[in-house]
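Q: Sharing a structure, written as structure tokens. Questions coming.
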Amino acid sequence: MDMLWNGWGDPAKAAPLPEPVIGLLREMLGVKPREAEPPGLADIAVPGSPLEPAVLRELATAVGGEDHVRTDAETRLRHTRGKSTPDLLRIRAADVTDVPAAVVLPAGHDDVVAVLRVCAGHRLPVVPFGGGTSVVGGLAPGRQGPFVALDLRRMDQLLDIDAVSRTATLQPGLRAPHAEALLAEHGFTLGHFPQSYEWATIGGFAAARSSGQASAGYGRFDDMVLGLTLATPEGTLDVGRAPRSAAGPDLRQLVLGSEGAFGVITSVTVRLRPVPPVRRYEGWRFASFAQGGEALRRLAQDGPRPTVLRLSDETETLIGLAQPDAIGANGLPGDAGCLAIVGFEGTEEDTAHRREGAATVLTELGGTCLGAEPGERWAHGRYSAPYLRDSLLDAGAFAETLETAAFWSRIPGLYAAVRDALTATLTEAGTPPLVMCHISHVYDNGASLYFTVVSAQGEGDPVAHWTRAKHAANEAILAAGGTISHHHGVGNDHRDWYVREAGPLGVAALQAVKRRLDPDGLLNPGVLLPTD
């Protein structure tokens, strides 16, 4: 099944907002109904592919036939940009400036190498395309002219499983639910469940350094990766032959997070965990975000650490976004405080031990257990927030997210700085926002903050309207000591701030790597690094 072309996910799951919620948006934020319905897929005029027939024939030879090279309007539209709110607003406005010239579907590593060879011969940029879930401009090249979208969906196999070592080698186009199903047949799980889980792919997880909702227990995706194969215009790079090595710098770290700018990931070897027989999630209430954050820090640093550990601030808890399938009806007392979701996965003995120990810590630090209902409701709706975003857009509102991370000592200042920057910029523009936040991932030394912003779209271009606010938030993040991205990646949207975060020498080193692996600058140009 293809994802909704002008929104998120399964079209059958899209649902309008309840009328009372729409009324609140009109009353509180000044949201106005859309002036017109967006065009349908068949109504958007897509120019014909500019590629010469001879080039298309070469691409078809590389991937085993003409069926695997698509130039029809619908396929190309479905591969135009990603799923950020600006991406959706542009496609709903029939903006096709980033439509690929062709969509090419390789079946394996050798096909990818052959496609890169053809594209290098014609100086044709290549944008790897997995699940299409990028929300940072990772699928729109920063260079004018035709390009090829390299759709990896045919590369969806479990190549190898080593039950003794508890490792598996997966192809990059394997979507996460299919990967979990294949691994479950052998009694294993990755334990990687980001909000994009239903649509994102193994290759995308590696390319963007994804982090799942259970990262407190299973780790980030880059923690799970033991080896990778990278196809580049200059040849093949195989990295990772042991769990850890002192044989020089770890080249796996060069590929992880490279976002298709250095090459195309064609296989990923990951470590596995046994499928947990027990999964328990529960809710805890704290009087304030500061109090709850202190409790999360204690568990992250001193244990016992839950598998899932997250905390919504007062606004997010009040609105009910902590449980996005029940927006506006959080089921908590009127003085809701801040809702923490605490989850445990493992054996009966292990989960009971950690749950008991965590409850002692949380209670000592002011938490009140709300029982299983809030936790189970969160688990049921854990992938539904992007659908809610689309429903808000349909109602005429603007809704977008951004995230960052920092050391624990900087979290309070970072939280205030980003919230204040968004509020001030959007209020000054005449669209006072609702800014919500939660701690989404925790570590011994710090945490991630995930912000959701809802406002009216404002007059004129809503993308330009948001861009000003997003730039202000990016500036606040760097000034407060945060990283420009914890798990969404860099793409085009964060590139200029990533350049400042990495510093001139760091960027020069990465550009040297790119010149060696991609001398013509054809791989996802403008993503991650500025074009020369």
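In the structure tokens, chains take the letters A, B, ... in the order shown, each chain's residues start at 1, and ligands count up from 1 in the order shown.
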Can you list, as JSON, numbers by chain, every protein, DNA or RNA residue that comes within 7 Å of stretch 94-109 of chain A when you count only C-alpha atoms, leaving out same-chain residues fewer than 2 positions away?
A: {"A": [44, 46, 49, 50, 51, 63, 68, 69, 70, 71, 76, 77, 80, 81, 90, 91, 92, 111, 112, 113, 140, 146, 147, 148, 149, 150, 151, 152, 154, 155, 266]}
Q: Can you pull out every residue within 9 Å of A:Ala261, counting only C-alpha atoms, but drop anything in the same chain fewer than 4 positions away, and send it as a list in words?
A: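 Once the adjacent positions are removed, what remains is Val127, Lys514, Asp518, Gly521, Leu522, Leu523, Asn524, Pro525, Gly526, Val527, Leu528 and Leu529 of chain A.
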Q: I need the residue nearest A:Gly343 from this list: A:Tyr383, A:Tyr281, A:Tyr197, A:Trp5. Use only C-alpha atoms for the distance.
A: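 Result for the nearest residue to A:Gly343: A:Tyr281.
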Q: Measure the distance from atom CA of A:Ala456 to atom CA of A:Arg26 in Å and round it to one decimal.
A: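 Taking atom CA of A:Ala456 as the start and atom CA of A:Arg26 as the end point, the length is 8.6 Å.
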Q: Find the residues around A:Thr315 up to 10 Å (only C-alpha atoms counted), leave out those fewer than 3 positions away in its own chain, and share them as a compact mmCIF listing (two decimals) with all heavy atoms, in the first residue's frame.
A:
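Saved to out-v9.txt:
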```txt
# COMPACT_ATOMS: atom_id res chain seq x y z
N PHE A 289 6.40 20.23 35.15
CA PHE A 289 7.34 19.66 34.20
C PHE A 289 8.73 19.54 34.83
O PHE A 289 9.44 18.56 34.61
CB PHE A 289 7.40 20.55 32.96
CG PHE A 289 8.03 19.92 31.75
CD1 PHE A 289 7.67 18.66 31.31
CD2 PHE A 289 8.99 20.61 31.02
CE1 PHE A 289 8.25 18.09 30.18
CE2 PHE A 289 9.58 20.06 29.89
CZ PHE A 289 9.21 18.79 29.48
N SER A 312 5.10 14.59 29.39
CA SER A 312 4.48 15.74 28.72
C SER A 312 4.43 16.93 29.66
O SER A 312 4.21 16.77 30.88
CB SER A 312 3.05 15.39 28.28
OG SER A 312 3.07 14.41 27.28
N LEU A 318 -2.70 18.87 29.35
CA LEU A 318 -4.04 19.45 29.42
C LEU A 318 -4.80 19.24 28.12
O LEU A 318 -5.98 18.87 28.12
CB LEU A 318 -3.95 20.94 29.74
CG LEU A 318 -5.28 21.69 29.87
CD1 LEU A 318 -6.08 21.16 31.05
CD2 LEU A 318 -5.02 23.18 30.02
N ILE A 319 -4.12 19.46 26.99
CA ILE A 319 -4.77 19.31 25.69
C ILE A 319 -5.06 17.85 25.39
O ILE A 319 -6.01 17.51 24.68
CB ILE A 319 -3.88 19.92 24.58
CG1 ILE A 319 -3.74 21.43 24.80
CG2 ILE A 319 -4.43 19.63 23.20
CD1 ILE A 319 -5.03 22.19 24.74
N GLY A 320 -4.24 16.96 25.94
CA GLY A 320 -4.43 15.54 25.69
C GLY A 320 -3.54 14.98 24.62
O GLY A 320 -3.72 13.85 24.17
N LEU A 321 -2.53 15.77 24.18
CA LEU A 321 -1.65 15.30 23.11
C LEU A 321 -0.74 14.18 23.57
O LEU A 321 -0.15 13.47 22.75
CB LEU A 321 -0.82 16.46 22.56
CG LEU A 321 -0.21 16.26 21.17
CD1 LEU A 321 -1.31 16.06 20.13
CD2 LEU A 321 0.68 17.42 20.79
N ALA A 322 -0.61 14.01 24.89
CA ALA A 322 0.16 12.86 25.39
C ALA A 322 -0.48 11.56 24.95
O ALA A 322 0.17 10.51 24.89
CB ALA A 322 0.23 12.91 26.91
N ALA A 336 -4.46 18.68 35.85
CA ALA A 336 -3.83 17.49 35.28
C ALA A 336 -2.34 17.40 35.58
O ALA A 336 -1.76 16.32 35.58
CB ALA A 336 -4.06 17.44 33.78
N GLY A 337 -1.69 18.56 35.82
CA GLY A 337 -0.25 18.52 36.04
C GLY A 337 0.46 18.06 34.78
O GLY A 337 0.17 18.53 33.68
N CYS A 338 1.39 17.14 34.93
CA CYS A 338 2.16 16.61 33.81
C CYS A 338 2.08 15.09 33.80
O CYS A 338 2.31 14.44 34.83
CB CYS A 338 3.62 17.05 33.90
SG CYS A 338 3.84 18.82 33.70
N LEU A 434 -0.21 27.70 20.24
CA LEU A 434 -0.21 26.76 21.36
C LEU A 434 1.08 25.96 21.20
O LEU A 434 1.28 25.28 20.19
CB LEU A 434 -1.43 25.85 21.27
CG LEU A 434 -1.80 24.99 22.47
CD1 LEU A 434 -2.17 25.85 23.66
CD2 LEU A 434 -2.96 24.07 22.10
N VAL A 435 1.99 26.06 22.18
CA VAL A 435 3.27 25.35 22.11
C VAL A 435 3.30 24.29 23.21
O VAL A 435 3.14 24.61 24.39
CB VAL A 435 4.46 26.32 22.28
CG1 VAL A 435 5.79 25.55 22.21
CG2 VAL A 435 4.43 27.40 21.22
N MET A 436 3.46 23.06 22.80
CA MET A 436 3.47 21.92 23.72
C MET A 436 4.80 21.20 23.61
O MET A 436 5.49 21.30 22.59
CB MET A 436 2.32 20.96 23.38
CG MET A 436 0.94 21.59 23.53
SD MET A 436 -0.36 20.67 22.65
CE MET A 436 -0.16 21.33 20.99
N CYS A 437 5.15 20.44 24.65
CA CYS A 437 6.45 19.78 24.64
C CYS A 437 6.40 18.51 25.48
O CYS A 437 5.62 18.41 26.43
CB CYS A 437 7.52 20.73 25.20
SG CYS A 437 9.20 20.05 25.20
N HIS A 438 7.23 17.54 25.10
CA HIS A 438 7.46 16.40 25.98
C HIS A 438 8.92 15.96 25.91
O HIS A 438 9.60 16.20 24.90
CB HIS A 438 6.52 15.23 25.69
CG HIS A 438 6.67 14.62 24.32
ND1 HIS A 438 5.88 14.96 23.25
CD2 HIS A 438 7.50 13.64 23.85
CE1 HIS A 438 6.21 14.25 22.19
NE2 HIS A 438 7.20 13.44 22.53
```
Q: Please return, as an MDAnalysis selection string, all residues of stretch 406-527 of chain A that DSSP assigns to helix (DSSP H, G or I) on the basis of the backbone.
A: chainID A and resid 408:428 462:479 495:502 504:517
Q: According to DSSP computed on the backbone, where in stretch 242-325 of chain A is there strand (DSSP E)? Give the residues as a ChimeraX atom specification.
A: /A:264-271,273-274,278-286,308-312
Q: Using only C-alpha atoms, find each residue in stretch 70-146 of chain A having at least one atom no more than 10 Å away from stretch 205-215 of chain A; report its shortest atom-to-atom pair and that distance in Å (one decimal), rows by chain then rising number, as a Markdown table.
A:
```
| residue | atom | partner | partner_atom | distance |
| --- | --- | --- | --- | --- |
| A:Pro128 | CA | A:Ala207 | CA | 9.9 |
| A:Gly130 | CA | A:Phe205 | CA | 9.5 |
| A:Gly131 | CA | A:Phe205 | CA | 9.9 |
| A:Ser134 | CA | A:Ala208 | CA | 8.9 |
| A:Gly138 | CA | A:Ala208 | CA | 9.3 |
```
Q: Got a sec: who's within 12 Å of A:Ala502, counting only C-alpha atoms, leaving out chain neighbours fewer than 3 positions off, as a ChimeraX atom specification?
A: /A:478,483-484,490,494-499,505-511,528-529
Q: Counting only C-alpha atoms, which of A:Leu190, A:Val115, A:Leu182, A:Leu426 gets nearest to A:Arg57?
A: A:Val115
Q: With only C-alpha atoms as the basis for distance, which of A:Leu228, A:Thr531, A:Gly235, A:Val275 is at the shortest distance from A:Val255?
A: A:Leu228
